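Asks: Dumping the structure here so I can ask a few things about it.
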Amino acid sequence: MKKYNFNAGPSILPREVIEKTAQQILDFNGSGLSLAEISHRAKDFQPVVDEAVALIKELLQVPEGYSVIFLGGGASLEFCMIPYNFLIKKAAYLNTGTWAKKAMKEAKLFGEVVEVASSADANYTFIPKGWTCPEDADYLHITTNNTIYGTEIRKDLDLNVRLIADMSSDIFSRPIDVAKYDCIYGGAQKNLAMAGVTLVIVKDDALGKAPRAIPTMLDYRTHVEKGSMFNTPPVVPIYSALETLRWLKANGGVEAMDKLAHQRADIVYSEIDRNKLFRGTVVEEGDRSLMNICFVMADEYKELEKPFLEYATAQGMVGIKGHRSVGGFRASCYNAQTIEGVNALVKCMKDFEAAH
Ligand SMILES: *Cc1c(COP(=O)(O)O)cnc(C)c1O
């Protein structure tokens with residue numbers, strides 16, 4: 001039976017990305033060697049990094065003065081690298097969920113941290129509004145998409161401070177105005193590549209200002225200067241990122257992904273709002289994530305949670321169980337998610353309603 005992959009991360013990638021990466025793992029560029037067994041300094045590999053960087057700059061229209069690098073350690077390592085490299089005295093953080101909170105925790109090791117707003121008291125079911133950011137903050141850190149709670153800031157905020165954003169789970173799903181950010185980062189395993197690589201886009205002249213010694217590997221300048229080749233980069237995940245980037249370009253780039261994201265999300269949210277059995281956990285329409293669509297059973301149908309999960313699983317839905325801190329269900333709809341996939345999920349919801 002056909003499976004529909006709604007995993008939150010690692011998650012769905014275009015089939016051709018998997019296939020092409022698999023081919024290169026067997027025989028890299030006809031060399032008779034595997035991509036997994038060549039030197040990252042081999043002359044054939046540098047073009048992979050170069051093309052990936054060039055495509056990222058093209059797809060996101062990265063302005064002059066920014067570097068694109070690939071690192072290890074996941075988005076979680078960036079939580080400490082950000083303050084290490086950018087926090088001079090005071091940093092501001094918008095607390096919109098588990099990942100934002102983890103990022104803030106690391107920043108506190110380096111200086112004063114101001115939480116500009118939080119929706120923790122409401123289990124992060126909305127994006128806080130009406131807050132202000134101290135003008136003397138070195139940066140404001142935001143999490144553009146809250147993968148666990150299904151909220152999203154799907155615009156580039158206009159503020160009086162420099163922005164730094166964790167875009168792990170919505171990067172390449174819409175155009176972004178990179179010029180507003182000193183740094184954009186993301187673990188690649190949600191929307192870009194196989195797990196194991198982190199993408200960082202950093203403004204060159206924002207570096208080197210923090211008044212502290214930075215260990216070599218944690219200093220962005222090291223990786224900028226060496227073009228992500230200071231030490232062995234994650235070769236296979238970077239290759240898979242390249243294939244995803246080629247796929248993105250061939251499929252209309254981030255504008256097309258944005259349009260598709262709206263189409264998919266409209267289909268699923270409309271059904272959640274229509275179907276008497278379900279209710280969305282994020283009520284405010286503008287806060288609803290287009291990437292991670294969270295819903296629970298309506299109060300009077302609580303006992304149907306497990307049966308629905310079993311039913312949907314039997315129909316081929318994979319990974320729709322909600323995160324344990326929210327419960328219910330989460331349908332992750334990253335770039336490679338198809339309209340066919342979300343229609344299959346909606347059919348499950350309708351058929352299950354009809355049977356109850
Ligand atoms: C998954 C995720 C992370 C953690 O990423 P790792 O690469 O596992 O460290 C951080 N932030 C967001 C928004 C995420 O979705």
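Every chain in the structure tokens has a letter given in the order shown (A, B, ...), and although residue numbers restart at 1 in each chain, ligands are simply numbered from 1 in the order shown.
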Give me, as a list in words, the set of residues whose atoms come within 7 Å of any atom of ligand 1, counting only C-alpha atoms and all ligand atoms.
Replies: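 Counting only what the definition allows, namely only C-alpha atoms and all ligand atoms, the set is Gly9, Gly73, Gly74, Ala75, Ser76, Leu77, Trp99, Thr143, Asn145, Asn146, Thr147, Asp166, Met167, Ser168, Ser169, Gly186, Gly187, Ala188, Gln189, Lys190 and Thr198 of chain A.
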Asks: Using DSSP assignments from the backbone, pull out every residue in stretch 286-324 of chain A that falls under strand (DSSP E or B) and give it to me as a PyMOL selection string.
Replies: chain A and resi 288+292-297+317-318+321
Asks: Could the residues in this selection be saved with all heavy atoms as a PDB file, in the first residue's frame?
Replies:
ATOM      1  N   ARG A 288      -1.180  29.962  12.290  1.00  0.00           N
ATOM      2  CA  ARG A 288      -1.137  28.539  11.954  1.00  0.00           C
ATOM      3  C   ARG A 288       0.012  28.217  11.008  1.00  0.00           C
ATOM      4  O   ARG A 288       0.145  28.829   9.947  1.00  0.00           O
ATOM      5  CB  ARG A 288      -2.461  28.111  11.308  1.00  0.00           C
ATOM      6  CG  ARG A 288      -3.594  28.010  12.313  1.00  0.00           C
ATOM      7  CD  ARG A 288      -4.898  27.626  11.647  1.00  0.00           C
ATOM      8  NE  ARG A 288      -5.816  27.048  12.636  1.00  0.00           N
ATOM      9  CZ  ARG A 288      -7.025  26.560  12.334  1.00  0.00           C
ATOM     10  NH1 ARG A 288      -7.451  26.576  11.089  1.00  0.00           N
ATOM     11  NH2 ARG A 288      -7.777  26.043  13.282  1.00  0.00           N
ATOM     12  N   ASN A 292       3.632  22.409   9.831  1.00  0.00           N
ATOM     13  CA  ASN A 292       3.266  21.380  10.814  1.00  0.00           C
ATOM     14  C   ASN A 292       1.852  21.681  11.292  1.00  0.00           C
ATOM     15  O   ASN A 292       1.628  22.638  12.029  1.00  0.00           O
ATOM     16  CB  ASN A 292       4.229  21.385  11.999  1.00  0.00           C
ATOM     17  CG  ASN A 292       5.683  21.327  11.566  1.00  0.00           C
ATOM     18  OD1 ASN A 292       6.341  22.354  11.482  1.00  0.00           O
ATOM     19  ND2 ASN A 292       6.179  20.145  11.242  1.00  0.00           N
ATOM     20  N   ILE A 293       0.921  20.877  10.837  1.00  0.00           N
ATOM     21  CA  ILE A 293      -0.490  21.155  11.088  1.00  0.00           C
ATOM     22  C   ILE A 293      -0.949  20.286  12.267  1.00  0.00           C
ATOM     23  O   ILE A 293      -0.995  19.059  12.169  1.00  0.00           O
ATOM     24  CB  ILE A 293      -1.312  20.873   9.809  1.00  0.00           C
ATOM     25  CG1 ILE A 293      -0.785  21.780   8.689  1.00  0.00           C
ATOM     26  CG2 ILE A 293      -2.798  21.055  10.072  1.00  0.00           C
ATOM     27  CD1 ILE A 293      -1.425  21.563   7.336  1.00  0.00           C
ATOM     28  N   CYS A 294      -1.229  20.946  13.396  1.00  0.00           N
ATOM     29  CA  CYS A 294      -1.540  20.216  14.634  1.00  0.00           C
ATOM     30  C   CYS A 294      -3.034  20.230  14.915  1.00  0.00           C
ATOM     31  O   CYS A 294      -3.682  21.268  14.812  1.00  0.00           O
ATOM     32  CB  CYS A 294      -0.799  20.853  15.808  1.00  0.00           C
ATOM     33  SG  CYS A 294       0.990  20.725  15.666  1.00  0.00           S
ATOM     34  N   PHE A 295      -3.557  19.069  15.272  1.00  0.00           N
ATOM     35  CA  PHE A 295      -4.978  18.998  15.634  1.00  0.00           C
ATOM     36  C   PHE A 295      -5.214  17.877  16.631  1.00  0.00           C
ATOM     37  O   PHE A 295      -4.389  16.970  16.765  1.00  0.00           O
ATOM     38  CB  PHE A 295      -5.868  18.832  14.388  1.00  0.00           C
ATOM     39  CG  PHE A 295      -5.529  17.657  13.493  1.00  0.00           C
ATOM     40  CD1 PHE A 295      -6.319  16.506  13.508  1.00  0.00           C
ATOM     41  CD2 PHE A 295      -4.446  17.701  12.617  1.00  0.00           C
ATOM     42  CE1 PHE A 295      -6.028  15.414  12.674  1.00  0.00           C
ATOM     43  CE2 PHE A 295      -4.144  16.616  11.778  1.00  0.00           C
ATOM     44  CZ  PHE A 295      -4.937  15.479  11.813  1.00  0.00           C
ATOM     45  N   VAL A 296      -6.320  17.999  17.348  1.00  0.00           N
ATOM     46  CA  VAL A 296      -6.676  16.994  18.359  1.00  0.00           C
ATOM     47  C   VAL A 296      -8.126  16.572  18.128  1.00  0.00           C
ATOM     48  O   VAL A 296      -8.837  17.185  17.328  1.00  0.00           O
ATOM     49  CB  VAL A 296      -6.510  17.567  19.793  1.00  0.00           C
ATOM     50  CG1 VAL A 296      -5.038  17.833  20.111  1.00  0.00           C
ATOM     51  CG2 VAL A 296      -7.340  18.835  19.973  1.00  0.00           C
ATOM     52  N   MET A 297      -8.569  15.556  18.868  1.00  0.00           N
ATOM     53  CA  MET A 297      -9.981  15.196  18.804  1.00  0.00           C
ATOM     54  C   MET A 297     -10.772  16.285  19.526  1.00  0.00           C
ATOM     55  O   MET A 297     -10.309  16.826  20.532  1.00  0.00           O
ATOM     56  CB  MET A 297     -10.267  13.860  19.508  1.00  0.00           C
ATOM     57  CG  MET A 297      -9.519  12.646  19.017  1.00  0.00           C
ATOM     58  SD  MET A 297      -9.545  12.238  17.255  1.00  0.00           S
ATOM     59  CE  MET A 297     -11.265  12.078  16.840  1.00  0.00           C
ATOM     60  N   MET A 317      -1.097   6.406   6.316  1.00  0.00           N
ATOM     61  CA  MET A 317      -0.551   7.660   6.863  1.00  0.00           C
ATOM     62  C   MET A 317       0.577   7.311   7.841  1.00  0.00           C
ATOM     63  O   MET A 317       0.390   6.496   8.735  1.00  0.00           O
ATOM     64  CB  MET A 317      -1.616   8.468   7.616  1.00  0.00           C
ATOM     65  CG  MET A 317      -2.882   8.742   6.841  1.00  0.00           C
ATOM     66  SD  MET A 317      -2.615   9.583   5.272  1.00  0.00           S
ATOM     67  CE  MET A 317      -3.490   8.460   4.188  1.00  0.00           C
ATOM     68  N   VAL A 318       1.713   7.976   7.677  1.00  0.00           N
ATOM     69  CA  VAL A 318       2.871   7.709   8.526  1.00  0.00           C
ATOM     70  C   VAL A 318       3.257   8.979   9.275  1.00  0.00           C
ATOM     71  O   VAL A 318       3.310  10.064   8.687  1.00  0.00           O
ATOM     72  CB  VAL A 318       4.083   7.246   7.667  1.00  0.00           C
ATOM     73  CG1 VAL A 318       5.329   7.068   8.536  1.00  0.00           C
ATOM     74  CG2 VAL A 318       3.757   5.960   6.920  1.00  0.00           C
ATOM     75  N   LYS A 321       1.187  11.071  14.483  1.00  0.00           N
ATOM     76  CA  LYS A 321       0.972  11.214  15.930  1.00  0.00           C
ATOM     77  C   LYS A 321       1.601  12.534  16.374  1.00  0.00           C
ATOM     78  O   LYS A 321       2.731  12.866  16.009  1.00  0.00           O
ATOM     79  CB  LYS A 321       1.636  10.043  16.652  1.00  0.00           C
ATOM     80  CG  LYS A 321       1.215   9.883  18.099  1.00  0.00           C
ATOM     81  CD  LYS A 321       1.809   8.575  18.631  1.00  0.00           C
ATOM     82  CE  LYS A 321       1.543   8.213  20.065  1.00  0.00           C
ATOM     83  NZ  LYS A 321       0.830   9.064  20.934  1.00  0.00           N
TER      84      LYS A 321
END
Asks: Could you list, as number ranges by chain, every residue within 8 Å of stretch 44-59 of chain A, counting only C-alpha atoms and ignoring same-chain residues fewer than 5 positions away?
Replies: A: 39, 68-69, 172, 238-239, 241-242, 245-246, 249, 253-254
Asks: Within 8 Å of A:His223, counting only C-alpha atoms, which residues show up once you throw out same-chain ones fewer than 5 positions away? Write them as a ChimeraX atom specification, please.
Replies: /A:69,71,217,228-230
Asks: Identify, on the basis of only C-alpha atoms, every residue whose closest approach to A:Val268 does not exceed 9 Å; exclude the query and any residue fewer than 5 positions from it along the same chain; express the result as an MDAnalysis selection string.
Replies: chainID A and resid 263 273 293 331 342:343 345:346
Asks: Restricting the calculation to only C-alpha atoms, which member of A:Gly328, A:Arg274, A:Phe28, A:Asp121 is positioned closest to A:Lys306?
Replies: A:Gly328
Asks: With only C-alpha atoms as the atoms that count, which of A:Asp158, A:Ala22, A:Leu192, A:Cys183 lies nearest to A:Asp205?
Replies: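 Checking each of A:Asp158, A:Ala22, A:Leu192, A:Cys183 against A:Asp205, counting only C-alpha atoms, the winner is A:Cys183.
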